[in-house]
$ cat target_16.pdb   # PDB, C-alpha atoms
ATOM      1  CA  MET X1003     -21.278  17.353  13.821
ATOM      2  CA  ARG X1004     -20.858  21.059  13.062
ATOM      3  CA  ALA X1005     -18.316  22.064  10.431
ATOM      4  CA  PHE X1006     -17.254  25.259   8.661
ATOM      5  CA  VAL X1007     -17.599  24.883   4.879
ATOM      6  CA  LEU X1008     -16.513  27.236   2.104
ATOM      7  CA  THR X1009     -19.139  26.991  -0.628
ATOM      8  CA  GLY X1010     -17.524  29.464  -3.039
ATOM      9  CA  PRO X1011     -15.380  32.618  -3.086
ATOM     10  CA  GLY X1012     -16.512  34.708  -0.145
ATOM     11  CA  ALA X1013     -19.348  32.275   0.629
ATOM     12  CA  TYR X1014     -19.524  29.971   3.627
ATOM     13  CA  GLU X1015     -21.833  28.062   5.953
ATOM     14  CA  VAL X1016     -21.564  26.323   9.294
ATOM     15  CA  GLN X1017     -23.225  23.028   8.419
ATOM     16  CA  GLU X1018     -24.476  19.973  10.260
ATOM     17  CA  LEU X1019     -22.626  17.064   8.637
ATOM     18  CA  PRO X1020     -22.390  13.332   9.347
ATOM     19  CA  ALA X1021     -19.648  12.611  11.877
ATOM     20  CA  PRO X1022     -16.627  10.915  10.278
ATOM     21  CA  VAL X1023     -16.028   7.177  10.654
ATOM     22  CA  ALA X1024     -12.498   5.817  10.924
ATOM     23  CA  GLY X1025     -11.754   3.723   7.842
ATOM     24  CA  PRO X1026      -8.917   1.203   7.601
ATOM     25  CA  GLY X1027      -5.680   2.863   8.670
ATOM     26  CA  GLU X1028      -7.500   5.965   9.912
ATOM     27  CA  VAL X1029      -8.372   7.613  13.207
ATOM     28  CA  VAL X1030     -11.091  10.063  14.161
ATOM     29  CA  VAL X1031      -9.927  13.003  16.249
ATOM     30  CA  ASP X1032     -11.970  15.257  18.522
ATOM     31  CA  VAL X1033     -10.608  18.635  17.402
ATOM     32  CA  GLU X1034      -9.558  20.941  20.242
ATOM     33  CA  ARG X1035      -7.849  23.834  18.442
ATOM     34  CA  VAL X1036      -7.356  24.994  14.859
ATOM     35  CA  GLY X1037      -5.204  27.824  13.568
ATOM     36  CA  VAL X1038      -6.482  30.104  10.803
ATOM     37  CA  CYS X1039      -3.796  30.383   8.123
ATOM     38  CA  GLY X1040      -3.165  32.673   5.175
ATOM     39  CA  THR X1041      -3.840  29.690   2.915
ATOM     40  CA  ASP X1042      -7.365  29.478   4.351
ATOM     41  CA  ALA X1043      -7.878  33.163   3.560
ATOM     42  CA  GLU X1044      -6.757  32.551  -0.039
ATOM     43  CA  PHE X1045      -9.377  29.835  -0.375
ATOM     44  CA  PHE X1046     -11.945  32.247   1.067
ATOM     45  CA  THR X1047     -11.158  34.894  -1.567
ATOM     46  CA  GLY X1048     -10.759  32.357  -4.383
ATOM     47  CA  ALA X1049      -7.150  33.413  -5.050
ATOM     48  CA  MET X1050      -5.578  30.097  -4.000
ATOM     49  CA  ALA X1051      -3.664  28.643  -6.965
ATOM     50  CA  TYR X1052      -4.861  25.076  -6.287
ATOM     51  CA  LEU X1053      -8.407  26.176  -7.168
ATOM     52  CA  HIS X1054      -7.247  27.191 -10.639
ATOM     53  CA  GLN X1055      -4.995  24.151 -11.116
ATOM     54  CA  GLY X1056      -7.710  21.589 -10.393
ATOM     55  CA  HIS X1057      -6.210  20.391  -7.097
ATOM     56  CA  SER X1058      -9.045  21.869  -5.002
ATOM     57  CA  THR X1059     -12.719  22.611  -5.542
ATOM     58  CA  TYR X1060     -15.657  24.084  -3.636
ATOM     59  CA  PRO X1061     -17.350  23.127  -1.420
ATOM     60  CA  MET X1062     -14.405  22.507   0.874
ATOM     61  CA  ARG X1063     -13.603  22.423   4.567
ATOM     62  CA  PRO X1064     -10.333  24.194   5.439
ATOM     63  CA  GLY X1065      -8.159  23.861   8.526
ATOM     64  CA  HIS X1066      -4.722  22.242   8.618
ATOM     65  CA  GLU X1067      -3.131  23.622  11.805
ATOM     66  CA  TRP X1068      -4.811  21.534  14.463
ATOM     67  CA  ALA X1069      -4.551  19.638  17.734
ATOM     68  CA  GLY X1070      -6.960  17.180  19.303
ATOM     69  CA  ARG X1071      -7.523  13.828  20.948
ATOM     70  CA  VAL X1072      -8.013  10.483  19.200
ATOM     71  CA  ALA X1073     -11.610   9.317  19.705
ATOM     72  CA  ALA X1074     -11.770   6.231  17.441
ATOM     73  CA  VAL X1075      -9.429   4.030  15.412
ATOM     74  CA  GLY X1076     -10.065   2.042  12.238
ATOM     75  CA  ASP X1077      -8.976  -1.432  11.226
ATOM     76  CA  GLY X1078      -5.239  -1.921  11.273
ATOM     77  CA  VAL X1079      -4.561   0.971  13.644
ATOM     78  CA  ASP X1080      -2.801   0.424  16.957
ATOM     79  CA  PRO X1081      -5.499   0.865  19.651
ATOM     80  CA  ALA X1082      -2.866   2.574  21.818
ATOM     81  CA  TRP X1083      -3.690   5.738  19.874
ATOM     82  CA  LEU X1084      -7.111   5.920  21.562
ATOM     83  CA  GLY X1085      -7.294   8.878  23.927
ATOM     84  CA  ARG X1086      -3.904  10.262  22.938
ATOM     85  CA  ARG X1087      -3.410  13.948  22.299
ATOM     86  CA  VAL X1088      -2.089  14.523  18.793
ATOM     87  CA  MET X1089      -1.509  16.864  15.894
ATOM     88  CA  GLY X1090      -1.212  15.744  12.292
ATOM     89  CA  ASP X1091       0.926  16.229   9.219
ATOM     90  CA  THR X1092      -0.868  18.183   6.509
ATOM     91  CA  MET X1093       0.898  16.390   3.666
ATOM     92  CA  LEU X1094      -0.414  12.935   2.740
ATOM     93  CA  GLY X1095       1.783  11.316   0.098
ATOM     94  CA  CYS X1096       0.801   8.344  -2.035
ATOM     95  CA  GLY X1097       3.326   6.189  -0.164
ATOM     96  CA  SER X1098       4.668   4.347  -3.199
ATOM     97  CA  CYS X1099       6.366   6.854  -5.527
ATOM     98  CA  ARG X1100      10.089   7.579  -5.586
ATOM     99  CA  ARG X1101       9.702  10.739  -3.486
ATOM    100  CA  CYS X1102       7.581   9.053  -0.813
ATOM    101  CA  LEU X1103       9.960   6.102  -0.603
ATOM    102  CA  ARG X1104      12.804   8.560  -0.020
ATOM    103  CA  GLY X1105      10.948  10.248   2.852
ATOM    104  CA  ARG X1106       9.754  13.226   0.829
ATOM    105  CA  GLN X1107       6.024  12.608   0.866
ATOM    106  CA  HIS X1108       5.485  16.339   1.309
ATOM    107  CA  VAL X1109       6.494  16.865  -2.336
ATOM    108  CA  CYS X1110       4.721  13.777  -3.716
ATOM    109  CA  GLU X1111       3.150  14.631  -7.081
ATOM    110  CA  GLN X1112      -0.061  12.832  -6.062
ATOM    111  CA  ARG X1113      -0.152  14.103  -2.491
ATOM    112  CA  ARG X1114      -3.324  15.154  -0.773
ATOM    113  CA  GLU X1115      -3.256  17.921   1.824
ATOM    114  CA  VAL X1116      -5.588  18.067   4.807
ATOM    115  CA  GLY X1117      -8.001  20.949   4.365
ATOM    116  CA  ILE X1118      -6.211  22.112   1.225
ATOM    117  CA  ARG X1119      -5.765  19.683  -1.662
ATOM    118  CA  GLY X1120      -7.276  16.508  -3.030
ATOM    119  CA  GLY X1121     -10.651  16.750  -1.302
ATOM    120  CA  VAL X1122      -9.426  15.877   2.211
ATOM    121  CA  PRO X1123     -11.711  17.659   4.718
ATOM    122  CA  GLY X1124      -9.913  19.957   7.135
ATOM    123  CA  ALA X1125     -10.070  20.482  10.863
ATOM    124  CA  LEU X1126     -12.578  23.345  11.074
ATOM    125  CA  ALA X1127     -15.116  20.910  12.484
ATOM    126  CA  GLU X1128     -15.859  19.126  15.716
ATOM    127  CA  GLN X1129     -14.219  15.940  14.404
ATOM    128  CA  LEU X1130     -11.650  15.033  11.780
ATOM    129  CA  ALA X1131     -10.651  11.743  10.126
ATOM    130  CA  VAL X1132      -6.991  11.377   9.106
ATOM    131  CA  PRO X1133      -4.542   8.535   8.415
ATOM    132  CA  ALA X1134      -2.921   7.233  11.580
ATOM    133  CA  SER X1135       0.406   7.471   9.748
ATOM    134  CA  SER X1136       0.084  11.283   9.772
ATOM    135  CA  LEU X1137      -0.220  11.564  13.566
ATOM    136  CA  HIS X1138       2.376  13.026  15.914
ATOM    137  CA  ALA X1139       1.819  12.526  19.648
ATOM    138  CA  LEU X1140       1.842  15.582  21.911
ATOM    139  CA  PRO X1141       3.367  15.389  25.399
ATOM    140  CA  ASP X1142       1.480  16.835  28.363
ATOM    141  CA  SER X1143       3.662  19.948  28.313
ATOM    142  CA  VAL X1144       2.409  20.835  24.805
ATOM    143  CA  ASP X1145      -1.153  22.035  25.327
ATOM    144  CA  ALA X1146      -3.779  22.520  22.615
ATOM    145  CA  VAL X1147      -2.628  26.078  21.913
ATOM    146  CA  LEU X1148       0.917  24.903  21.253
ATOM    147  CA  GLY X1149      -0.330  21.795  19.475
ATOM    148  CA  ALA X1150      -2.158  23.906  16.894
ATOM    149  CA  LEU X1151       1.049  25.917  16.408
ATOM    150  CA  VAL X1152       3.203  22.875  15.606
ATOM    151  CA  GLU X1153       2.387  22.917  11.881
ATOM    152  CA  PRO X1154       3.415  26.543  11.259
ATOM    153  CA  GLY X1155       6.277  25.988  13.688
ATOM    154  CA  GLY X1156       7.565  23.071  11.638
ATOM    155  CA  ASN X1157       7.764  25.291   8.572
ATOM    156  CA  ALA X1158       9.570  27.961  10.563
ATOM    157  CA  LEU X1159      12.005  25.528  12.147
ATOM    158  CA  ARG X1160      12.974  24.207   8.713
ATOM    159  CA  ALA X1161      13.556  27.776   7.514
ATOM    160  CA  ALA X1162      15.682  28.594  10.566
ATOM    161  CA  ARG X1163      17.740  25.447  10.046
ATOM    162  CA  ALA X1164      18.230  26.275   6.365
ATOM    163  CA  ALA X1165      19.630  29.647   7.410
ATOM    164  CA  ALA X1166      22.287  27.555   9.217
ATOM    165  CA  PRO X1167      23.412  30.233  11.659
ATOM    166  CA  ALA X1168      26.529  29.721  13.722
ATOM    167  CA  PRO X1169      26.290  31.239  17.210
ATOM    168  CA  GLY X1170      26.576  34.989  16.840
ATOM    169  CA  ASP X1171      25.682  35.059  13.133
ATOM    170  CA  ARG X1172      23.401  37.888  12.104
ATOM    171  CA  VAL X1173      20.185  36.867  10.342
ATOM    172  CA  LEU X1174      17.573  39.134   8.775
ATOM    173  CA  VAL X1175      13.946  37.948   8.658
ATOM    174  CA  LEU X1176      11.716  39.827   6.224
ATOM    175  CA  GLY X1177       8.059  39.752   7.249
ATOM    176  CA  PRO X1178       7.065  39.653  10.960
ATOM    177  CA  GLY X1179       3.864  37.644  10.507
ATOM    178  CA  THR X1180       3.231  34.286  12.154
ATOM    179  CA  ILE X1181       5.854  32.409  10.135
ATOM    180  CA  GLY X1182       8.426  35.198  10.277
ATOM    181  CA  LEU X1183       8.106  35.543  14.047
ATOM    182  CA  LEU X1184       8.328  31.779  14.513
ATOM    183  CA  VAL X1185      11.462  31.713  12.338
ATOM    184  CA  ALA X1186      12.887  34.505  14.477
ATOM    185  CA  MET X1187      12.129  32.548  17.660
ATOM    186  CA  PHE X1188      13.885  29.427  16.395
ATOM    187  CA  LEU X1189      16.846  31.506  15.198
ATOM    188  CA  ARG X1190      17.117  33.217  18.577
ATOM    189  CA  ALA X1191      17.053  29.839  20.315
ATOM    190  CA  SER X1192      20.001  28.775  18.152
ATOM    191  CA  GLY X1193      22.098  31.737  19.312
ATOM    192  CA  ALA X1194      21.768  33.966  16.233
ATOM    193  CA  GLU X1195      21.485  37.739  16.353
ATOM    194  CA  VAL X1196      18.025  38.196  14.835
ATOM    195  CA  HIS X1197      16.858  41.231  12.886
ATOM    196  CA  LEU X1198      13.265  41.672  11.676
ATOM    197  CA  MET X1199      12.010  43.913   8.877
ATOM    198  CA  GLY X1200       8.325  44.796   8.645
ATOM    199  CA  ALA X1201       5.960  47.271   7.041
ATOM    200  CA  THR X1202       3.874  48.558   9.960
ATOM    201  CA  GLU X1203       4.780  50.040  13.299
ATOM    202  CA  SER X1204       2.221  47.829  15.052
ATOM    203  CA  SER X1205       3.875  44.637  13.789
ATOM    204  CA  LEU X1206       7.310  45.911  14.751
ATOM    205  CA  ALA X1207       6.071  46.974  18.184
ATOM    206  CA  PHE X1208       4.719  43.469  18.703
ATOM    207  CA  ALA X1209       8.077  42.002  17.677
ATOM    208  CA  ARG X1210       9.769  44.242  20.244
ATOM    209  CA  SER X1211       7.341  43.009  22.895
ATOM    210  CA  LEU X1212       8.609  39.477  22.189
ATOM    211  CA  GLY X1213      12.141  40.596  23.028
ATOM    212  CA  PHE X1214      13.448  41.309  19.531
ATOM    213  CA  GLU X1215      15.354  44.576  19.747
ATOM    214  CA  HIS X1216      16.621  44.760  16.150
ATOM    215  CA  VAL X1217      13.449  45.640  14.237
ATOM    216  CA  TRP X1218      13.346  47.819  11.152
ATOM    217  CA  THR X1219      11.185  49.253   8.443
ATOM    218  CA  GLU X1220      12.309  48.739   4.861
ATOM    219  CA  GLY X1221      14.027  52.118   4.741
ATOM    220  CA  SER X1222      15.831  51.788   8.057
ATOM    221  CA  VAL X1223      17.608  48.425   7.770
ATOM    222  CA  PRO X1224      21.174  49.115   8.926
ATOM    223  CA  ASP X1225      24.167  48.718   6.637
ATOM    224  CA  VAL X1226      25.624  45.708   8.443
ATOM    225  CA  PRO X1227      26.586  42.264   7.127
ATOM    226  CA  PHE X1228      23.793  39.683   7.277
ATOM    227  CA  ASP X1229      25.084  36.115   7.222
ATOM    228  CA  ALA X1230      21.639  34.844   6.210
ATOM    229  CA  ALA X1231      18.285  36.267   5.207
ATOM    230  CA  VAL X1232      14.860  34.637   5.381
ATOM    231  CA  ASP X1233      12.012  35.978   3.232
ATOM    232  CA  ALA X1234       8.793  35.178   5.109
ATOM    233  CA  SER X1235       6.774  37.914   3.413
ATOM    234  CA  ASN X1236       4.139  37.960   0.665
ATOM    235  CA  ALA X1237       5.742  40.865  -1.203
ATOM    236  CA  ALA X1238       7.006  40.012  -4.688
ATOM    237  CA  ARG X1239       9.887  42.498  -4.497
ATOM    238  CA  LEU X1240      11.424  41.237  -1.234
ATOM    239  CA  PRO X1241      13.090  38.010  -2.447
ATOM    240  CA  ASP X1242      15.405  40.178  -4.545
ATOM    241  CA  MET X1243      15.977  42.530  -1.623
ATOM    242  CA  ALA X1244      16.993  39.566   0.520
ATOM    243  CA  LEU X1245      19.578  38.610  -2.098
ATOM    244  CA  GLU X1246      20.834  42.175  -2.182
ATOM    245  CA  LEU X1247      21.266  42.353   1.603
ATOM    246  CA  VAL X1248      22.823  38.955   2.333
ATOM    247  CA  GLU X1249      26.580  38.647   2.644
ATOM    248  CA  PRO X1250      28.630  36.921  -0.070
ATOM    249  CA  GLY X1251      28.895  33.273   0.877
ATOM    250  CA  GLY X1252      25.710  33.580   2.935
ATOM    251  CA  ARG X1253      22.393  31.742   2.921
ATOM    252  CA  LEU X1254      19.006  32.742   1.582
ATOM    253  CA  VAL X1255      15.786  31.027   2.645
ATOM    254  CA  TYR X1256      12.509  31.548   0.821
ATOM    255  CA  ILE X1257       9.369  30.516   2.714
ATOM    256  CA  GLY X1258       6.982  33.359   1.847
ATOM    257  CA  LEU X1259       4.742  33.301  -1.223
ATOM    258  CA  ALA X1260       3.632  36.360  -3.160
ATOM    259  CA  GLY X1261       0.445  36.612  -5.191
ATOM    260  CA  GLU X1262       2.491  37.262  -8.330
ATOM    261  CA  PRO X1263       5.853  35.960  -9.567
ATOM    262  CA  SER X1264       8.939  37.062  -7.654
ATOM    263  CA  ARG X1265      12.162  37.628  -9.569
ATOM    264  CA  ILE X1266      15.779  37.536  -8.480
ATOM    265  CA  ASP X1267      18.930  38.174 -10.481
ATOM    266  CA  THR X1268      20.681  34.811 -10.589
ATOM    267  CA  ARG X1269      23.871  36.588 -11.655
ATOM    268  CA  ALA X1270      24.000  38.130  -8.186
ATOM    269  CA  LEU X1271      23.279  34.718  -6.653
ATOM    270  CA  VAL X1272      26.254  33.234  -8.513
ATOM    271  CA  LEU X1273      28.666  36.114  -8.123
ATOM    272  CA  LYS X1274      27.953  36.333  -4.375
ATOM    273  CA  ASP X1275      28.299  32.537  -4.017
ATOM    274  CA  VAL X1276      25.047  32.443  -2.058
ATOM    275  CA  THR X1277      23.108  29.292  -1.154
ATOM    276  CA  ALA X1278      19.338  29.613  -1.646
ATOM    277  CA  THR X1279      16.768  27.203  -0.175
ATOM    278  CA  GLY X1280      13.008  26.993  -0.604
ATOM    279  CA  VAL X1281      10.812  25.601   2.185
ATOM    280  CA  LEU X1282       7.373  24.202   1.338
ATOM    281  CA  SER X1283       6.219  22.070   4.229
ATOM    282  CA  ALA X1284       6.463  21.453   7.948
ATOM    283  CA  SER X1285       6.586  17.666   7.524
ATOM    284  CA  PRO X1286      10.307  17.056   8.157
ATOM    285  CA  GLY X1287      10.293  19.483  11.111
ATOM    286  CA  LEU X1288       7.222  18.436  13.122
ATOM    287  CA  ASP X1289       8.871  16.204  15.729
ATOM    288  CA  ALA X1290      11.691  18.678  16.385
ATOM    289  CA  THR X1291       9.134  21.479  16.773
ATOM    290  CA  ILE X1292       7.180  19.477  19.337
ATOM    291  CA  ARG X1293      10.408  18.865  21.261
ATOM    292  CA  ALA X1294      11.287  22.563  21.194
ATOM    293  CA  TYR X1295       7.848  23.550  22.479
ATOM    294  CA  ALA X1296       7.949  20.847  25.159
ATOM    295  CA  ALA X1297      11.374  22.005  26.358
ATOM    296  CA  GLY X1298      10.313  25.658  26.372
ATOM    297  CA  SER X1299      13.170  26.799  24.144
ATOM    298  CA  VAL X1300      10.516  28.325  21.869
ATOM    299  CA  ASP X1301       7.158  29.551  23.222
ATOM    300  CA  PRO X1302       4.846  30.886  20.505
ATOM    301  CA  ARG X1303       1.727  31.291  22.676
ATOM    302  CA  PRO X1304       1.892  35.130  22.529
ATOM    303  CA  LEU X1305       1.313  34.946  18.768
ATOM    304  CA  VAL X1306      -2.325  33.926  19.337
ATOM    305  CA  ALA X1307      -4.401  37.110  19.435
ATOM    306  CA  ALA X1308      -7.850  35.579  19.938
ATOM    307  CA  THR X1309      -9.782  32.315  19.999
ATOM    308  CA  VAL X1310     -13.197  32.130  18.321
ATOM    309  CA  GLY X1311     -15.882  29.551  17.531
ATOM    310  CA  LEU X1312     -16.926  28.126  14.166
ATOM    311  CA  ASP X1313     -19.601  30.793  13.700
ATOM    312  CA  GLU X1314     -16.933  33.517  13.743
ATOM    313  CA  VAL X1315     -14.541  31.951  11.239
ATOM    314  CA  GLY X1316     -16.092  33.604   8.165
ATOM    315  CA  PRO X1317     -15.494  37.170   9.322
ATOM    316  CA  VAL X1318     -11.944  36.238  10.382
ATOM    317  CA  LEU X1319     -11.220  34.877   6.894
ATOM    318  CA  ALA X1320     -12.649  38.094   5.470
ATOM    319  CA  GLY X1321     -10.015  40.020   7.420
ATOM    320  CA  GLU X1322     -11.941  41.131  10.492
ATOM    321  CA  ARG X1323     -10.196  41.125  13.871
ATOM    322  CA  PRO X1324     -12.344  39.631  16.665
ATOM    323  CA  ALA X1325     -13.371  42.051  19.402
ATOM    324  CA  GLY X1326     -10.824  42.169  22.199
ATOM    325  CA  SER X1327      -8.017  40.651  20.108
ATOM    326  CA  GLY X1328      -4.472  40.935  21.330
ATOM    327  CA  PRO X1329      -1.641  42.212  19.134
ATOM    328  CA  GLY X1330      -0.501  38.824  17.800
ATOM    329  CA  PRO X1331      -1.010  37.756  14.166
ATOM    330  CA  LYS X1332      -2.671  34.355  14.724
ATOM    331  CA  ILE X1333      -6.354  33.578  15.305
ATOM    332  CA  HIS X1334      -7.344  30.206  16.767
ATOM    333  CA  VAL X1335     -10.659  28.376  16.603
ATOM    334  CA  GLU X1336     -12.237  26.065  19.188
ATOM    335  CA  PRO X1337     -14.762  24.006  17.195
TER     336      PRO X1337
END

$ encode --input "target_16.pdb" --output "structure tokens"
Amino acid sequence: MRAFVLTGPGAYEVQELPAPVAGPGEVVVDVERVGVCGTDAEFFTGAMAYLHQGHSTYPMRPGHEWAGRVAAVGDGVDPAWLGRRVMGDTMLGCGSCRRCLRGRQHVCEQRREVGIRGGVPGALAEQLAVPASSLHALPDSVDAVLGALVEPGGNALRAARAAAPAPGDRVLVLGPGTIGLLVAMFLRASGAEVHLMGATESSLAFARSLGFEHVWTEGSVPDVPFDAAVDASNAARLPDMALELVEPGGRLVYIGLAGEPSRIDTRALVLKDVTATGVLSASPGLDATIRAYAAGSVDPRPLVAATVGLDEVGPVLAGERPAGSGPGPKIHVEP
């Protein structure tokens, strides 16, 4: 099969590799769609922290936002999975530690992550082998485009839920990238008044095209009370800005990651009686995201700007926009 492989920082090949075989407890999936994520770009540049912590090494095959159809099952796997359309959880816990036994496999100390950590090959290939326990079935109403958006959607749904808006609450989302826009969509579906803050006019114009009327640059955010704020940016200074802008007694949600340490004044956190939540993984939100997509309460299809093949992944990871791309922030791959 053909697969996209990172061989070092800034170096890549599309290789012919042996097709995967389903081991005990595993399935092989024919990959239909894969989303390119900021994490993949960090592996491309060599900046990803896991590379420096020993959790990941080159060569590696990225790709963790995927949808496909089960083509083969291994020993011990229910044959009813054959032919089913699925997506999969990125986080693969050990299954036996205290965290896993409490349903928190996404923060297991020994976890592996598909296409990211622990040497598990990712989905930027024609086929992918994963544990059957990581699968989530997709209904007919959730096509491959939506299926490959479930993983980022699960992260965003968890962030929106952590913001805990009552109907009519005002929530500020900092960073109108893929995750920020998905958070905004889930917040809007819950009845919140959503505000978005971004750095470029093009990103704000795209947010307006999605029906978000309250969009601001950093210098134009209105002086109104925000009941919650979600930092979905990669700017180290914005977590503190979110704390500054949120109402006393409000909620802060941190889902963005900067390339350098972010700092907040915990005195302000205490004196404002603010609740702060960090969101790492989509795992606890995958099923609810699939239901939201299936019901149509959230439709993220406009976020996909272009769909490319494996041979075009390298330039995309290097920051190039495919010819004819739309205005959305997400690039998809059809292996």

$ resolve_selection --input "target_16.pdb" --expression "the PyMOL selection byres ((chain X and resi 1308-1312) around 6)" --output "list in words"
Val1306, Ala1307, Asp1313, Glu1314, Val1315, Ser1327, Ile1333, His1334, Val1335, Glu1336 and Pro1337 of chain X

$ write_last_selection --input "target_16.pdb" --atoms "C-alpha atoms" --output "PDB file, in the coordinates of the input"
ATOM      1  CA  VAL X1306      -2.325  33.926  19.337  1.00  0.00           C
ATOM      2  CA  ALA X1307      -4.401  37.110  19.435  1.00  0.00           C
ATOM      3  CA  ASP X1313     -19.601  30.793  13.700  1.00  0.00           C
ATOM      4  CA  GLU X1314     -16.933  33.517  13.743  1.00  0.00           C
ATOM      5  CA  VAL X1315     -14.541  31.951  11.239  1.00  0.00           C
ATOM      6  CA  SER X1327      -8.017  40.651  20.108  1.00  0.00           C
ATOM      7  CA  ILE X1333      -6.354  33.578  15.305  1.00  0.00           C
ATOM      8  CA  HIS X1334      -7.344  30.206  16.767  1.00  0.00           C
ATOM      9  CA  VAL X1335     -10.659  28.376  16.603  1.00  0.00           C
ATOM     10  CA  GLU X1336     -12.237  26.065  19.188  1.00  0.00           C
ATOM     11  CA  PRO X1337     -14.762  24.006  17.195  1.00  0.00           C
TER      12      PRO X1337
END

$ resolve_selection --input "target_16.pdb" --expression "the PyMOL selection byres ((chain X and resi 1198) around 8)" --output "list in words"
Leu1174, Val1175, Leu1176, Gly1177, Pro1178, Ala1186, Val1196, His1197, Met1199, Gly1200, Leu1206, Ala1209, Phe1214, His1216, Val1217 and Trp1218 of chain X

$ write_last_selection --input "target_16.pdb" --atoms "C-alpha atoms" --output "short mmCIF file (atom, residue, chain, number, x, y, z; two decimals), in the coordinates of the input"
data_model
loop_
_atom_site.label_atom_id
_atom_site.label_comp_id
_atom_site.auth_asym_id
_atom_site.auth_seq_id
_atom_site.Cartn_x
_atom_site.Cartn_y
_atom_site.Cartn_z
CA LEU X 1174 17.57 39.13 8.78
CA VAL X 1175 13.95 37.95 8.66
CA LEU X 1176 11.72 39.83 6.22
CA GLY X 1177 8.06 39.75 7.25
CA PRO X 1178 7.06 39.65 10.96
CA ALA X 1186 12.89 34.51 14.48
CA VAL X 1196 18.02 38.20 14.84
CA HIS X 1197 16.86 41.23 12.89
CA MET X 1199 12.01 43.91 8.88
CA GLY X 1200 8.32 44.80 8.64
CA LEU X 1206 7.31 45.91 14.75
CA ALA X 1209 8.08 42.00 17.68
CA PHE X 1214 13.45 41.31 19.53
CA HIS X 1216 16.62 44.76 16.15
CA VAL X 1217 13.45 45.64 14.24
CA TRP X 1218 13.35 47.82 11.15
#

$ atom_distance --input "target_16.pdb" --atom1 "atom CA of X:Ala1244" --atom2 "atom CA of X:Phe1208"
22.3 Å

$ closest_residue --input "target_16.pdb" --among "X:Gly1105, X:Gly1070, X:Gly1040, X:Gly1090" --to "X:Leu1319" --atoms "all atoms listed in the file"
X:Gly1040

$ resolve_selection --input "target_16.pdb" --expression "the PyMOL selection byres ((chain X and resi 1163-1172) around 8)" --output "VMD selection string"
chain X and resid 1159 to 1162 1173 to 1174 1189 1192 to 1197 1227 to 1232 1253 to 1255 1279

$ residues_around --input "target_16.pdb" --residues "X:Ala1284" --least-positions-apart "4" --cutoff "7 Å" --atoms "all atoms listed in the file" --output "PDB file with C-alpha atoms, in the frame of the given file"
ATOM      1  CA  GLU X1153       2.387  22.917  11.881  1.00  0.00           C
ATOM      2  CA  PRO X1154       3.415  26.543  11.259  1.00  0.00           C
ATOM      3  CA  GLY X1156       7.565  23.071  11.638  1.00  0.00           C
ATOM      4  CA  ASN X1157       7.764  25.291   8.572  1.00  0.00           C
ATOM      5  CA  LEU X1288       7.222  18.436  13.122  1.00  0.00           C
TER       6      LEU X1288
END

$ residues_around --input "target_16.pdb" --residues "X:Arg1101" --least-positions-apart "6" --cutoff "9 Å" --atoms "all atoms listed in the file" --output "PDB file with C-alpha atoms, in the frame of the given file"
ATOM      1  CA  GLY X1095       1.783  11.316   0.098  1.00  0.00           C
ATOM      2  CA  GLN X1107       6.024  12.608   0.866  1.00  0.00           C
ATOM      3  CA  HIS X1108       5.485  16.339   1.309  1.00  0.00           C
ATOM      4  CA  VAL X1109       6.494  16.865  -2.336  1.00  0.00           C
ATOM      5  CA  CYS X1110       4.721  13.777  -3.716  1.00  0.00           C
ATOM      6  CA  GLU X1111       3.150  14.631  -7.081  1.00  0.00           C
TER       7      GLU X1111
END

$ closest_residue --input "target_16.pdb" --among "X:Ser1135, X:Val1300, X:Pro1324, X:Leu1148" --to "X:Pro1026" --atoms "all atoms listed in the file"
X:Ser1135

$ closest_residue --input "target_16.pdb" --among "X:Asp1301, X:Glu1028, X:Glu1044, X:Asp1289" --to "X:Leu1184" --atoms "all atoms listed in the file"
X:Asp1301

$ closest_residue --input "target_16.pdb" --among "X:Gly1085, X:Gly1124, X:Gly1298, X:Pro1317" --to "X:Ala1005" --atoms "only C-alpha atoms"
X:Gly1124

$ closest_atom_pairs --input "target_16.pdb" --of "stretch 1085-1137 of chain X" --to "stretch 1010-1018 of chain X" --cutoff "12 Å" --atoms "all atoms listed in the file" --output "JSON lines"
{"residue": "X:Leu1126", "atom": "CA", "partner": "X:Val1016", "partner_atom": "CA", "distance": 9.6}
{"residue": "X:Ala1127", "atom": "CA", "partner": "X:Val1016", "partner_atom": "CA", "distance": 9.0}
{"residue": "X:Glu1128", "atom": "CA", "partner": "X:Glu1018", "partner_atom": "CA", "distance": 10.2}
{"residue": "X:Gln1129", "atom": "CA", "partner": "X:Glu1018", "partner_atom": "CA", "distance": 11.8}
